[in-house]
$ cat final-v5.pdb   # PDB, C-alpha atoms
ATOM      1  CA  MET A   6     124.870 107.049 128.325
ATOM      2  CA  SER A   7     123.041 107.205 124.990
ATOM      3  CA  LYS A   8     119.541 106.043 124.340
ATOM      4  CA  LYS A   9     118.946 103.465 121.667
ATOM      5  CA  PRO A  10     116.532 104.683 119.011
ATOM      6  CA  SER A  11     113.245 102.870 119.046
ATOM      7  CA  SER A  12     112.980 100.531 116.113
ATOM      8  CA  SER A  13     109.242 100.122 116.409
ATOM      9  CA  ALA A  14     107.382 101.178 113.330
ATOM     10  CA  SER A  15     103.726 100.891 112.551
ATOM     11  CA  ILE A  16     102.667  99.535 109.195
ATOM     12  CA  LEU A  17      99.668 100.895 107.348
ATOM     13  CA  LYS A  18      98.271  99.218 104.231
ATOM     14  CA  LEU A  19      96.078 101.283 101.921
ATOM     15  CA  LEU A  20      94.661 100.964  98.408
ATOM     16  CA  VAL A  21      95.294 104.392  96.886
ATOM     17  CA  PRO A  22      94.208 105.579  93.402
ATOM     18  CA  ALA A  23      97.220 106.454  91.214
ATOM     19  CA  GLN A  24      97.849 110.208  90.839
ATOM     20  CA  LYS A  25      94.768 110.989  92.940
ATOM     21  CA  ALA A  26      95.872 110.679  96.572
ATOM     22  CA  THR A  27      94.157 113.348  98.667
ATOM     23  CA  PRO A  28      94.130 114.090 102.408
ATOM     24  CA  SER A  29      90.468 113.092 102.561
ATOM     25  CA  PRO A  30      89.377 109.694 103.966
ATOM     26  CA  PRO A  31      90.734 107.065 104.091
ATOM     27  CA  ILE A  32      94.257 108.526 103.740
ATOM     28  CA  GLY A  33      93.972 111.668 105.885
ATOM     29  CA  PRO A  34      92.484 110.131 109.035
ATOM     30  CA  ALA A  35      94.685 107.007 108.823
ATOM     31  CA  LEU A  36      97.879 109.065 108.675
ATOM     32  CA  GLY A  37      96.663 111.878 110.943
ATOM     33  CA  GLN A  38      96.009 109.610 113.892
ATOM     34  CA  ARG A  39      99.610 108.421 113.571
ATOM     35  CA  GLY A  40     100.989 111.975 113.554
ATOM     36  CA  ILE A  41     101.846 112.170 109.845
ATOM     37  CA  LYS A  42     100.872 115.109 107.640
ATOM     38  CA  SER A  43      98.786 113.445 104.958
ATOM     39  CA  ILE A  44      99.555 116.164 102.410
ATOM     40  CA  ASP A  45     103.258 115.171 102.531
ATOM     41  CA  PHE A  46     102.378 111.558 101.720
ATOM     42  CA  CYS A  47      99.904 112.601  99.001
ATOM     43  CA  LYS A  48     102.452 114.782  97.200
ATOM     44  CA  LYS A  49     105.107 112.035  97.203
ATOM     45  CA  PHE A  50     102.629 109.327  96.203
ATOM     46  CA  ASN A  51     101.146 111.347  93.323
ATOM     47  CA  GLU A  52     104.658 112.145  92.104
ATOM     48  CA  ILE A  53     105.689 108.480  92.120
ATOM     49  CA  THR A  54     102.503 107.312  90.367
ATOM     50  CA  ASN A  55     102.396 110.009  87.671
ATOM     51  CA  ASN A  56     103.353 107.418  85.017
ATOM     52  CA  ILE A  57     100.416 105.132  85.904
ATOM     53  CA  GLN A  58      96.919 105.545  84.490
ATOM     54  CA  PRO A  59      94.977 107.839  86.870
ATOM     55  CA  LEU A  60      92.653 106.144  89.374
ATOM     56  CA  THR A  61      94.344 102.734  89.026
ATOM     57  CA  PRO A  62      94.197 101.237  92.534
ATOM     58  CA  ILE A  63      97.723 100.913  93.938
ATOM     59  CA  PRO A  64      98.329  98.793  97.051
ATOM     60  CA  THR A  65     100.604 100.893  99.255
ATOM     61  CA  ILE A  66     102.443  99.891 102.415
ATOM     62  CA  ILE A  67     103.416 102.826 104.625
ATOM     63  CA  SER A  68     105.979 102.364 107.421
ATOM     64  CA  ILE A  69     105.609 104.996 110.125
ATOM     65  CA  LYS A  70     108.492 105.369 112.564
ATOM     66  CA  SER A  71     108.175 106.583 116.147
ATOM     67  CA  ASP A  72     109.817 109.929 115.215
ATOM     68  CA  ARG A  73     106.855 110.571 112.862
ATOM     69  CA  THR A  74     108.811 110.017 109.680
ATOM     70  CA  PHE A  75     107.491 107.616 107.084
ATOM     71  CA  SER A  76     108.450 105.673 104.005
ATOM     72  CA  PHE A  77     106.270 103.701 101.657
ATOM     73  CA  ILE A  78     106.389 101.142  98.900
ATOM     74  CA  THR A  79     103.866 100.682  96.142
ATOM     75  CA  LYS A  80     102.889  97.400  94.569
ATOM     76  CA  SER A  81     101.290  96.549  91.254
ATOM     77  CA  PRO A  82      97.497  96.887  90.940
ATOM     78  CA  PRO A  83      95.398  93.966  92.244
ATOM     79  CA  THR A  84      95.201  90.977  89.909
ATOM     80  CA  SER A  85      91.400  91.162  89.774
ATOM     81  CA  TYR A  86      91.584  94.816  88.653
ATOM     82  CA  LEU A  87      94.048  93.956  85.860
ATOM     83  CA  LEU A  88      91.947  90.992  84.722
ATOM     84  CA  LYS A  89      88.689  92.961  84.656
ATOM     85  CA  ARG A  90      90.365  95.828  82.808
ATOM     86  CA  SER A  91      91.883  93.513  80.195
ATOM     87  CA  CYS A  92      88.502  92.010  79.317
ATOM     88  CA  GLY A  93      86.616  95.299  79.682
ATOM     89  CA  VAL A  94      84.210  94.463  82.507
ATOM     90  CA  GLU A  95      83.332  96.475  85.613
ATOM     91  CA  LYS A  96      82.502  93.628  87.992
ATOM     92  CA  GLY A  97      83.230  89.957  88.408
ATOM     93  CA  ALA A  98      80.581  87.250  88.156
ATOM     94  CA  GLN A  99      77.856  86.961  90.803
ATOM     95  CA  LYS A 100      78.155  83.160  90.548
ATOM     96  CA  PRO A 101      81.686  82.253  89.398
ATOM     97  CA  GLY A 102      81.818  78.816  87.833
ATOM     98  CA  SER A 103      78.336  79.044  86.358
ATOM     99  CA  GLU A 104      78.503  82.620  85.061
ATOM    100  CA  VAL A 105      81.110  84.076  82.692
ATOM    101  CA  VAL A 106      81.602  87.838  82.477
ATOM    102  CA  GLY A 107      84.483  87.916  80.007
ATOM    103  CA  THR A 108      87.412  86.201  78.342
ATOM    104  CA  VAL A 109      91.129  86.908  78.320
ATOM    105  CA  SER A 110      93.857  85.335  76.230
ATOM    106  CA  VAL A 111      96.996  83.636  77.507
ATOM    107  CA  LYS A 112      98.875  86.667  76.189
ATOM    108  CA  HIS A 113      96.901  88.867  78.612
ATOM    109  CA  ILE A 114      97.713  86.451  81.464
ATOM    110  CA  TYR A 115     101.412  86.602  80.548
ATOM    111  CA  GLU A 116     101.404  90.424  80.445
ATOM    112  CA  ILE A 117      99.677  90.608  83.839
ATOM    113  CA  ALA A 118     102.211  88.107  85.223
ATOM    114  CA  LYS A 119     105.091  90.304  84.035
ATOM    115  CA  ILE A 120     103.525  93.266  85.888
ATOM    116  CA  LYS A 121     102.971  91.205  89.056
ATOM    117  CA  GLN A 122     106.517  89.796  88.951
ATOM    118  CA  MET A 123     107.879  93.300  89.645
ATOM    119  CA  ASP A 124     106.363  93.182  93.168
ATOM    120  CA  VAL A 125     108.907  92.693  95.938
ATOM    121  CA  GLY A 126     107.631  89.298  97.084
ATOM    122  CA  LEU A 127     107.299  87.811  93.601
ATOM    123  CA  GLN A 128     110.618  88.732  91.993
ATOM    124  CA  HIS A 129     112.046  85.219  92.391
ATOM    125  CA  VAL A 130     108.859  83.318  91.591
ATOM    126  CA  PRO A 131     108.894  81.724  88.115
ATOM    127  CA  LEU A 132     106.618  83.479  85.613
ATOM    128  CA  GLU A 133     104.824  80.182  84.934
ATOM    129  CA  ASN A 134     103.748  79.928  88.590
ATOM    130  CA  ILE A 135     102.499  83.513  88.593
ATOM    131  CA  CYS A 136     100.516  82.775  85.405
ATOM    132  CA  LYS A 137      98.888  79.741  87.053
ATOM    133  CA  SER A 138      97.882  81.884  90.018
ATOM    134  CA  ILE A 139      96.408  84.544  87.722
ATOM    135  CA  ILE A 140      94.434  81.904  85.808
ATOM    136  CA  GLY A 141      93.006  80.743  89.145
ATOM    137  CA  SER A 142      92.067  84.329  90.006
ATOM    138  CA  ALA A 143      90.396  84.744  86.614
ATOM    139  CA  LYS A 144      88.249  81.645  87.164
ATOM    140  CA  SER A 145      87.276  82.851  90.641
ATOM    141  CA  ILE A 146      85.808  86.082  89.258
ATOM    142  CA  GLY A 147      84.102  84.482  86.242
ATOM    143  CA  ILE A 148      86.642  85.230  83.508
ATOM    144  CA  ASN A 149      87.511  82.469  81.025
ATOM    145  CA  VAL A 150      91.045  82.050  79.698
ATOM    146  CA  LYS A 151      91.295  81.425  75.965
ATOM    147  CA  TYR A 152      94.208  79.078  75.166
TER     148      TYR A 152
END
$ encode --input "final-v5.pdb" --output "structure tokens"
Amino acid sequence: MSKKPSSSASILKLLVPAQKATPSPPIGPALGQRGIKSIDFCKKFNEITNNIQPLTPIPTIISIKSDRTFSFITKSPPTSYLLKRSCGVEKGAQKPGSEVVGTVSVKHIYEIAKIKQMDVGLQHVPLENICKSIIGSAKSIGINVKY
């Protein structure tokens, strides 16, 4: 009689800076308590993100199997990060709607949408819909869109 392998995997979601993953918190403790050597993840992650501007926050989903092996996928940087970077501001507005911290053009929105469309869940979403979502995000952090 053979045992069926356990298909249970735990999922860990982290925001990791491109090229700068280190075994220090939050990565080290999060992986360590699940029996994964954080240095193994850090080496692979830094290798995969070496073509991205250092310190860009990368949403990462790590699947950890019961045999202590792992795999991970990376997504595009958060929309708010891309918007703030494209208009050159550090923080969003304290009072969105009544305060404006910057302005982006429709071209910027389109370029961000093309980046976001590469994410697994958005590959079949029309670019126009992604653009509308990004415009909504821009308004919510106090960034105007110049048409």
$ residues_around --input "final-v5.pdb" --residues "Gln58 in chain A" --least-positions-apart "4" --cutoff "10 Å" --atoms "all atoms listed in the file" --output "PyMOL selection string"
chain A and resi 22-24+54+62
$ atom_distance --input "final-v5.pdb" --atom1 "CA of Lys42 in chain A" --atom2 "CA of Leu60 in chain A"
21.9 Å
$ residues_around --input "final-v5.pdb" --residues "range 105-119 of chain A" --least-positions-apart "2" --cutoff "9 Å" --atoms "only C-alpha atoms" --output "mmCIF file with C-alpha atoms, in the coordinates of the input"
data_model
loop_
_atom_site.group_PDB
_atom_site.id
_atom_site.type_symbol
_atom_site.label_atom_id
_atom_site.label_comp_id
_atom_site.auth_asym_id
_atom_site.auth_seq_id
_atom_site.Cartn_x
_atom_site.Cartn_y
_atom_site.Cartn_z
ATOM 1 C CA THR A 84 95.201 90.977 89.909
ATOM 2 C CA LEU A 87 94.048 93.956 85.860
ATOM 3 C CA LEU A 88 91.947 90.992 84.722
ATOM 4 C CA LYS A 89 88.689 92.961 84.656
ATOM 5 C CA SER A 91 91.883 93.513 80.195
ATOM 6 C CA CYS A 92 88.502 92.010 79.317
ATOM 7 C CA GLY A 93 86.616 95.299 79.682
ATOM 8 C CA VAL A 94 84.210 94.463 82.507
ATOM 9 C CA LYS A 96 82.502 93.628 87.992
ATOM 10 C CA GLY A 97 83.230 89.957 88.408
ATOM 11 C CA ALA A 98 80.581 87.250 88.156
ATOM 12 C CA LYS A 100 78.155 83.160 90.548
ATOM 13 C CA PRO A 101 81.686 82.253 89.398
ATOM 14 C CA GLY A 102 81.818 78.816 87.833
ATOM 15 C CA SER A 103 78.336 79.044 86.358
ATOM 16 C CA LYS A 121 102.971 91.205 89.056
ATOM 17 C CA GLN A 122 106.517 89.796 88.951
ATOM 18 C CA MET A 123 107.879 93.300 89.645
ATOM 19 C CA LEU A 132 106.618 83.479 85.613
ATOM 20 C CA GLU A 133 104.824 80.182 84.934
ATOM 21 C CA ASN A 134 103.748 79.928 88.590
ATOM 22 C CA ILE A 135 102.499 83.513 88.593
ATOM 23 C CA CYS A 136 100.516 82.775 85.405
ATOM 24 C CA LYS A 137 98.888 79.741 87.053
ATOM 25 C CA SER A 138 97.882 81.884 90.018
ATOM 26 C CA ILE A 139 96.408 84.544 87.722
ATOM 27 C CA ILE A 140 94.434 81.904 85.808
ATOM 28 C CA ALA A 143 90.396 84.744 86.614
ATOM 29 C CA LYS A 144 88.249 81.645 87.164
ATOM 30 C CA ILE A 146 85.808 86.082 89.258
ATOM 31 C CA GLY A 147 84.102 84.482 86.242
ATOM 32 C CA ILE A 148 86.642 85.230 83.508
ATOM 33 C CA ASN A 149 87.511 82.469 81.025
ATOM 34 C CA VAL A 150 91.045 82.050 79.698
ATOM 35 C CA LYS A 151 91.295 81.425 75.965
ATOM 36 C CA TYR A 152 94.208 79.078 75.166
#
$ resolve_selection --input "final-v5.pdb" --expression "the PyMOL selection byres ((chain A and resi 21) around 10)" --output "list of chain:residue names"
A:Lys18, A:Leu19, A:Leu20, A:Pro22, A:Ala23, A:Gln24, A:Lys25, A:Ala26, A:Thr27, A:Pro31, A:Ile32, A:Cys47, A:Phe50, A:Asn51, A:Leu60, A:Thr61, A:Pro62, A:Ile63, A:Pro64, A:Thr65, A:Thr79, A:Pro82
$ resolve_selection --input "final-v5.pdb" --expression "the PyMOL selection byres ((chain A and resi 70) around 8)" --output "ChimeraX atom specification"
/A:12-15,68-69,71-75
$ resolve_selection --input "final-v5.pdb" --expression "the PyMOL selection byres ((chain A and resi 78) around 8)" --output "list in words"
Thr65, Ile66, Ile67, Ser76, Phe77, Thr79 and Lys80 of chain A
$ closest_residue --input "final-v5.pdb" --among "A:Ser29, A:Ser145, A:Ile16, A:Glu104" --to "Ile44 in chain A" --atoms "all atoms listed in the file"
A:Ser29
